[in-house]
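Student: Quick one: this structure, given as structure tokens, is what I'll be asking you about.
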Amino acid sequence: MSSLLKVERELKTRVETFREQISSEAEHLVASFFPQKLLELDDFSQGKWLAKWLEPILNVKDLKEIHSEIKFRVPESVLFTNSHDGVDTNTKKRKLEDGVADGSCQGGTKTLLMPEEMLKCNTKLVDLIERVKPEIRTLIEKCNTVKTWVQLLIPRIEDGNNFGVSIQEETVAELRTVESEAASYLDQISRYYITRAKLVSKIVKYPHVEDYRRTISEIDEKEYISLKIIVSELRNQYVILHDMILKNIEKIKKPRNSNSEALY
């Protein structure tokens, strides 16, 4: 029977080549990459194969070890007048200095200048984040490849004998869930930086309020614990996907059995 939709032979060949590449890569991921990665992440979470500069960061006994003190020179406040008349700038400056000296200046506003030096991040957590982020991106990319492979294995829609197809759909749904959760880890890291930056701005504005400084330490501790949980979750997701696909690999690759097997 002639095809109802004609596709150029060259394009059809290239598409088939792409399908074969996806299939080969996905099967390698499930058979080799996933188990290797889960073992690496398990070692990572326990600090067995980390570089010497990173190993103590992920395995601190006291969370105070990851605190980062906010140090900066508190600048003196400057008094600006509210006058907008045509007085010469130098004259206004002399009046301002005289007023500040004898305490008689009226109508001015004291403004606290921002510190000139760069206020550093918590470098210990930044090092840890930069180590974890590539692992998150890798999981998202590999899940996308395996998901595409399973979707390409789904047969055309027919009545009956769809148990294997439902297994394929469940596998695709699980891969989508893992992708979504991994992407949320990246959002969590971004929120940490934004939240910490706002608190540091508060410290600069109100340098003598101790609560803001304590909140910075609390935020850093929370992020450290979250990063350890993320590493464990990445490992668990590799384990779950590897186990789920291996247990159902027969139905995933061949969702429908031949009816001839049921004949007497």
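All residue names refer to the structure tokens as shown: chains lettered A, B, ... in order, residues numbered from 1 in each chain, ligands numbered from 1 in order.
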Which polymer residues have any atom within 8 Å of an atom of segment 243-257 of chain A, counting only C-alpha atoms, with same-chain residues fewer than 6 positions away left out, as a JSON list (two decimals) with all heavy atoms, in the first residue's frame?
Tutor:
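This went into around_3.json:
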```json
[["chain", "number", "residue", "atom", "x", "y", "z"],
["A", 30, "VAL", "N", 21.42, 4.11, 30.15],
["A", 30, "VAL", "CA", 20.73, 3.27, 31.12],
["A", 30, "VAL", "C", 21.63, 2.14, 31.61],
["A", 30, "VAL", "O", 21.68, 1.83, 32.81],
["A", 30, "VAL", "CB", 19.43, 2.70, 30.52],
["A", 30, "VAL", "CG1", 18.78, 1.72, 31.48],
["A", 30, "VAL", "CG2", 18.46, 3.83, 30.18],
["A", 150, "VAL", "N", 12.44, 6.66, 24.65],
["A", 150, "VAL", "CA", 11.23, 5.92, 25.02],
["A", 150, "VAL", "C", 10.04, 6.40, 24.20],
["A", 150, "VAL", "O", 9.21, 5.60, 23.74],
["A", 150, "VAL", "CB", 10.95, 6.05, 26.53],
["A", 150, "VAL", "CG1", 9.65, 5.34, 26.89],
["A", 150, "VAL", "CG2", 12.10, 5.48, 27.34],
["A", 153, "LEU", "N", 9.91, 4.90, 20.88],
["A", 153, "LEU", "CA", 9.57, 3.48, 20.90],
["A", 153, "LEU", "C", 8.07, 3.23, 21.03],
["A", 153, "LEU", "O", 7.61, 2.10, 20.84],
["A", 153, "LEU", "CB", 10.30, 2.78, 22.05],
["A", 153, "LEU", "CG", 11.82, 2.61, 21.89],
["A", 153, "LEU", "CD1", 12.41, 2.05, 23.17],
["A", 153, "LEU", "CD2", 12.16, 1.73, 20.70],
["A", 154, "ILE", "N", 7.31, 4.25, 21.36],
["A", 154, "ILE", "CA", 5.86, 4.08, 21.51],
["A", 154, "ILE", "C", 5.25, 3.77, 20.15],
["A", 154, "ILE", "O", 5.44, 4.53, 19.19],
["A", 154, "ILE", "CB", 5.22, 5.35, 22.12],
["A", 154, "ILE", "CG1", 5.75, 5.58, 23.53],
["A", 154, "ILE", "CG2", 3.69, 5.23, 22.13],
["A", 154, "ILE", "CD1", 5.24, 6.85, 24.18],
["A", 155, "PRO", "N", 4.51, 2.66, 20.01],
["A", 155, "PRO", "CA", 3.94, 2.28, 18.71],
["A", 155, "PRO", "C", 2.73, 3.15, 18.37],
["A", 155, "PRO", "O", 2.26, 3.94, 19.18],
["A", 155, "PRO", "CB", 3.54, 0.82, 18.93],
["A", 155, "PRO", "CG", 3.25, 0.73, 20.39],
["A", 155, "PRO", "CD", 4.20, 1.67, 21.07],
["A", 161, "ASN", "N", -4.29, -4.37, 23.67],
["A", 161, "ASN", "CA", -2.89, -4.74, 23.82],
["A", 161, "ASN", "C", -2.01, -3.51, 24.11],
["A", 161, "ASN", "O", -0.94, -3.35, 23.53],
["A", 161, "ASN", "CB", -2.38, -5.47, 22.57],
["A", 161, "ASN", "CG", -1.10, -6.24, 22.84],
["A", 161, "ASN", "OD1", -0.74, -6.48, 23.99],
["A", 161, "ASN", "ND2", -0.40, -6.63, 21.78],
["A", 162, "ASN", "N", -2.49, -2.66, 25.02],
["A", 162, "ASN", "CA", -1.78, -1.41, 25.31],
["A", 162, "ASN", "C", -1.09, -1.41, 26.67],
["A", 162, "ASN", "O", -0.70, -0.35, 27.17],
["A", 162, "ASN", "CB", -2.75, -0.23, 25.25],
["A", 162, "ASN", "CG", -3.19, 0.08, 23.83],
["A", 162, "ASN", "OD1", -2.39, -0.01, 22.90],
["A", 162, "ASN", "ND2", -4.45, 0.43, 23.66],
["A", 163, "PHE", "N", -0.95, -2.58, 27.29],
["A", 163, "PHE", "CA", -0.30, -2.62, 28.60],
["A", 163, "PHE", "C", 1.15, -2.15, 28.51],
["A", 163, "PHE", "O", 1.62, -1.37, 29.34],
["A", 163, "PHE", "CB", -0.37, -4.04, 29.17],
["A", 163, "PHE", "CG", 0.31, -4.17, 30.51],
["A", 163, "PHE", "CD1", -0.21, -3.57, 31.64],
["A", 163, "PHE", "CD2", 1.50, -4.89, 30.62],
["A", 163, "PHE", "CE1", 0.42, -3.68, 32.87],
["A", 163, "PHE", "CE2", 2.14, -5.01, 31.85],
["A", 163, "PHE", "CZ", 1.61, -4.41, 32.97],
["A", 164, "GLY", "N", 1.85, -2.62, 27.49],
["A", 164, "GLY", "CA", 3.24, -2.19, 27.31],
["A", 164, "GLY", "C", 3.35, -0.70, 27.03],
["A", 164, "GLY", "O", 4.28, -0.03, 27.48],
["A", 165, "VAL", "N", 2.37, -0.17, 26.28],
["A", 165, "VAL", "CA", 2.37, 1.27, 25.99],
["A", 165, "VAL", "C", 2.19, 2.07, 27.27],
["A", 165, "VAL", "O", 2.81, 3.14, 27.46],
["A", 165, "VAL", "CB", 1.26, 1.60, 24.97],
["A", 165, "VAL", "CG1", 1.22, 3.11, 24.71],
["A", 165, "VAL", "CG2", 1.50, 0.85, 23.67],
["A", 167, "ILE", "N", 3.22, 1.26, 30.18],
["A", 167, "ILE", "CA", 4.51, 1.24, 30.87],
["A", 167, "ILE", "C", 5.45, 2.28, 30.27],
["A", 167, "ILE", "O", 6.16, 3.00, 30.99],
["A", 167, "ILE", "CB", 5.13, -0.17, 30.80],
["A", 167, "ILE", "CG1", 4.31, -1.15, 31.62],
["A", 167, "ILE", "CG2", 6.58, -0.15, 31.28],
["A", 167, "ILE", "CD1", 4.79, -2.58, 31.55],
["A", 168, "GLN", "N", 5.45, 2.38, 28.96],
["A", 168, "GLN", "CA", 6.26, 3.40, 28.30],
["A", 168, "GLN", "C", 5.85, 4.80, 28.75],
["A", 168, "GLN", "O", 6.68, 5.65, 29.03],
["A", 168, "GLN", "CB", 6.13, 3.27, 26.78],
["A", 168, "GLN", "CG", 6.80, 2.04, 26.19],
["A", 168, "GLN", "CD", 6.55, 1.92, 24.71],
["A", 168, "GLN", "OE1", 5.45, 2.23, 24.22],
["A", 168, "GLN", "NE2", 7.56, 1.48, 23.97],
["A", 171, "THR", "N", 7.01, 5.55, 32.21],
["A", 171, "THR", "CA", 8.45, 5.83, 32.20],
["A", 171, "THR", "C", 8.72, 7.26, 31.75],
["A", 171, "THR", "O", 9.53, 7.98, 32.35],
["A", 171, "THR", "CB", 9.18, 4.84, 31.28],
["A", 171, "THR", "OG1", 8.90, 3.50, 31.68],
["A", 171, "THR", "CG2", 10.69, 5.07, 31.34]]
```
Student: Quick one: of A:Lys142, A:Arg196, A:Arg137, A:Arg131, who's nearest to Phe44 of chain A, counting only C-alpha atoms?
Tutor: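 Checking each of A:Lys142, A:Arg196, A:Arg137, A:Arg131 against Phe44 of chain A, counting only C-alpha atoms, the winner is A:Arg131.
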Student: What lies within 8 Å of Leu227 of chain A using only C-alpha atoms, ignoring chain neighbours under 5 positions off, as an NGL selection string?
Tutor: :A and (128-129 or 132)
Student: Can I get the selected residues back with C-alpha atoms, as a short mmCIF file (atom, residue, chain, number, x, y, z; two decimals), in the first residue's frame?
Tutor:
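Output below, filename out.cif:
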```cif
data_model
loop_
_atom_site.label_atom_id
_atom_site.label_comp_id
_atom_site.auth_asym_id
_atom_site.auth_seq_id
_atom_site.Cartn_x
_atom_site.Cartn_y
_atom_site.Cartn_z
CA LEU A 128 30.26 23.71 46.49
CA ILE A 129 27.52 25.18 44.28
CA VAL A 132 26.91 20.61 42.16
#
```
Student: Residues within 12 Å of Asp187 of chain A, please, as number ranges by chain. Count only C-alpha atoms; anything in the same chain fewer than 6 positions from it doesn't count.
Tutor: A: 133, 136, 180-181, 193-194
Student: Could you give me, as a PyMOL selection string, the residues within 12 Å of Val126 of chain A, counting only C-alpha atoms and dropping anything in the same chain fewer than 4 positions from it?
Tutor: chain A and resi 54+57-58+66+68+120-122+130-133+189-190+192-193+220+223-224+227
Student: Grab the residues selected above and save them as a PDB file, in the first residue's frame with N, CA and C atoms.
Tutor:
```
ATOM      1  N   LEU A  54      37.868  20.712  48.491  1.00  0.00           N
ATOM      2  CA  LEU A  54      36.415  20.654  48.573  1.00  0.00           C
ATOM      3  C   LEU A  54      35.919  19.647  49.599  1.00  0.00           C
ATOM      4  N   ILE A  57      34.459  20.779  52.901  1.00  0.00           N
ATOM      5  CA  ILE A  57      33.269  21.622  52.789  1.00  0.00           C
ATOM      6  C   ILE A  57      31.997  20.792  52.878  1.00  0.00           C
ATOM      7  N   LEU A  58      32.000  19.630  52.236  1.00  0.00           N
ATOM      8  CA  LEU A  58      30.788  18.823  52.183  1.00  0.00           C
ATOM      9  C   LEU A  58      30.612  17.956  53.421  1.00  0.00           C
ATOM     10  N   ILE A  66      31.124  26.788  58.004  1.00  0.00           N
ATOM     11  CA  ILE A  66      30.827  27.340  56.679  1.00  0.00           C
ATOM     12  C   ILE A  66      30.357  28.791  56.758  1.00  0.00           C
ATOM     13  N   SER A  68      30.494  32.782  56.846  1.00  0.00           N
ATOM     14  CA  SER A  68      31.350  33.771  56.188  1.00  0.00           C
ATOM     15  C   SER A  68      31.016  35.139  56.756  1.00  0.00           C
ATOM     16  N   LYS A 120      32.176  40.196  49.502  1.00  0.00           N
ATOM     17  CA  LYS A 120      32.337  38.864  48.932  1.00  0.00           C
ATOM     18  C   LYS A 120      31.185  37.933  49.299  1.00  0.00           C
ATOM     19  N   CYS A 121      30.976  36.935  48.419  1.00  0.00           N
ATOM     20  CA  CYS A 121      30.036  35.858  48.714  1.00  0.00           C
ATOM     21  C   CYS A 121      30.670  34.913  49.737  1.00  0.00           C
ATOM     22  N   ASN A 122      29.887  33.933  50.152  1.00  0.00           N
ATOM     23  CA  ASN A 122      30.439  32.867  50.973  1.00  0.00           C
ATOM     24  C   ASN A 122      31.186  31.927  50.025  1.00  0.00           C
ATOM     25  N   GLU A 130      29.262  25.468  42.601  1.00  0.00           N
ATOM     26  CA  GLU A 130      29.854  25.298  41.277  1.00  0.00           C
ATOM     27  C   GLU A 130      30.191  23.844  40.991  1.00  0.00           C
ATOM     28  N   ARG A 131      30.342  23.043  42.027  1.00  0.00           N
ATOM     29  CA  ARG A 131      30.579  21.602  41.832  1.00  0.00           C
ATOM     30  C   ARG A 131      29.267  20.839  41.613  1.00  0.00           C
ATOM     31  N   VAL A 132      28.196  21.319  42.233  1.00  0.00           N
ATOM     32  CA  VAL A 132      26.910  20.611  42.159  1.00  0.00           C
ATOM     33  C   VAL A 132      26.141  20.974  40.893  1.00  0.00           C
ATOM     34  N   LYS A 133      26.232  22.220  40.440  1.00  0.00           N
ATOM     35  CA  LYS A 133      25.450  22.659  39.281  1.00  0.00           C
ATOM     36  C   LYS A 133      25.695  21.824  38.020  1.00  0.00           C
ATOM     37  N   ILE A 189      19.056  27.561  43.892  1.00  0.00           N
ATOM     38  CA  ILE A 189      20.377  28.190  44.018  1.00  0.00           C
ATOM     39  C   ILE A 189      20.290  29.678  43.700  1.00  0.00           C
ATOM     40  N   SER A 190      19.537  30.030  42.649  1.00  0.00           N
ATOM     41  CA  SER A 190      19.371  31.445  42.297  1.00  0.00           C
ATOM     42  C   SER A 190      18.692  32.219  43.423  1.00  0.00           C
ATOM     43  N   TYR A 192      18.802  31.571  46.549  1.00  0.00           N
ATOM     44  CA  TYR A 192      19.757  31.739  47.658  1.00  0.00           C
ATOM     45  C   TYR A 192      20.593  32.986  47.459  1.00  0.00           C
ATOM     46  N   TYR A 193      21.143  33.172  46.254  1.00  0.00           N
ATOM     47  CA  TYR A 193      21.979  34.342  45.990  1.00  0.00           C
ATOM     48  C   TYR A 193      21.181  35.641  46.143  1.00  0.00           C
ATOM     49  N   ASP A 220      23.108  30.747  55.105  1.00  0.00           N
ATOM     50  CA  ASP A 220      24.227  29.928  54.624  1.00  0.00           C
ATOM     51  C   ASP A 220      24.106  28.483  55.106  1.00  0.00           C
ATOM     52  N   GLU A 223      21.394  26.733  53.107  1.00  0.00           N
ATOM     53  CA  GLU A 223      21.814  26.402  51.755  1.00  0.00           C
ATOM     54  C   GLU A 223      22.786  25.229  51.747  1.00  0.00           C
ATOM     55  N   TYR A 224      23.650  25.169  52.737  1.00  0.00           N
ATOM     56  CA  TYR A 224      24.579  24.044  52.827  1.00  0.00           C
ATOM     57  C   TYR A 224      23.825  22.726  52.976  1.00  0.00           C
ATOM     58  N   LEU A 227      22.140  21.801  49.733  1.00  0.00           N
ATOM     59  CA  LEU A 227      23.058  21.266  48.729  1.00  0.00           C
ATOM     60  C   LEU A 227      23.385  19.800  49.003  1.00  0.00           C
TER      61      LEU A 227
END
```
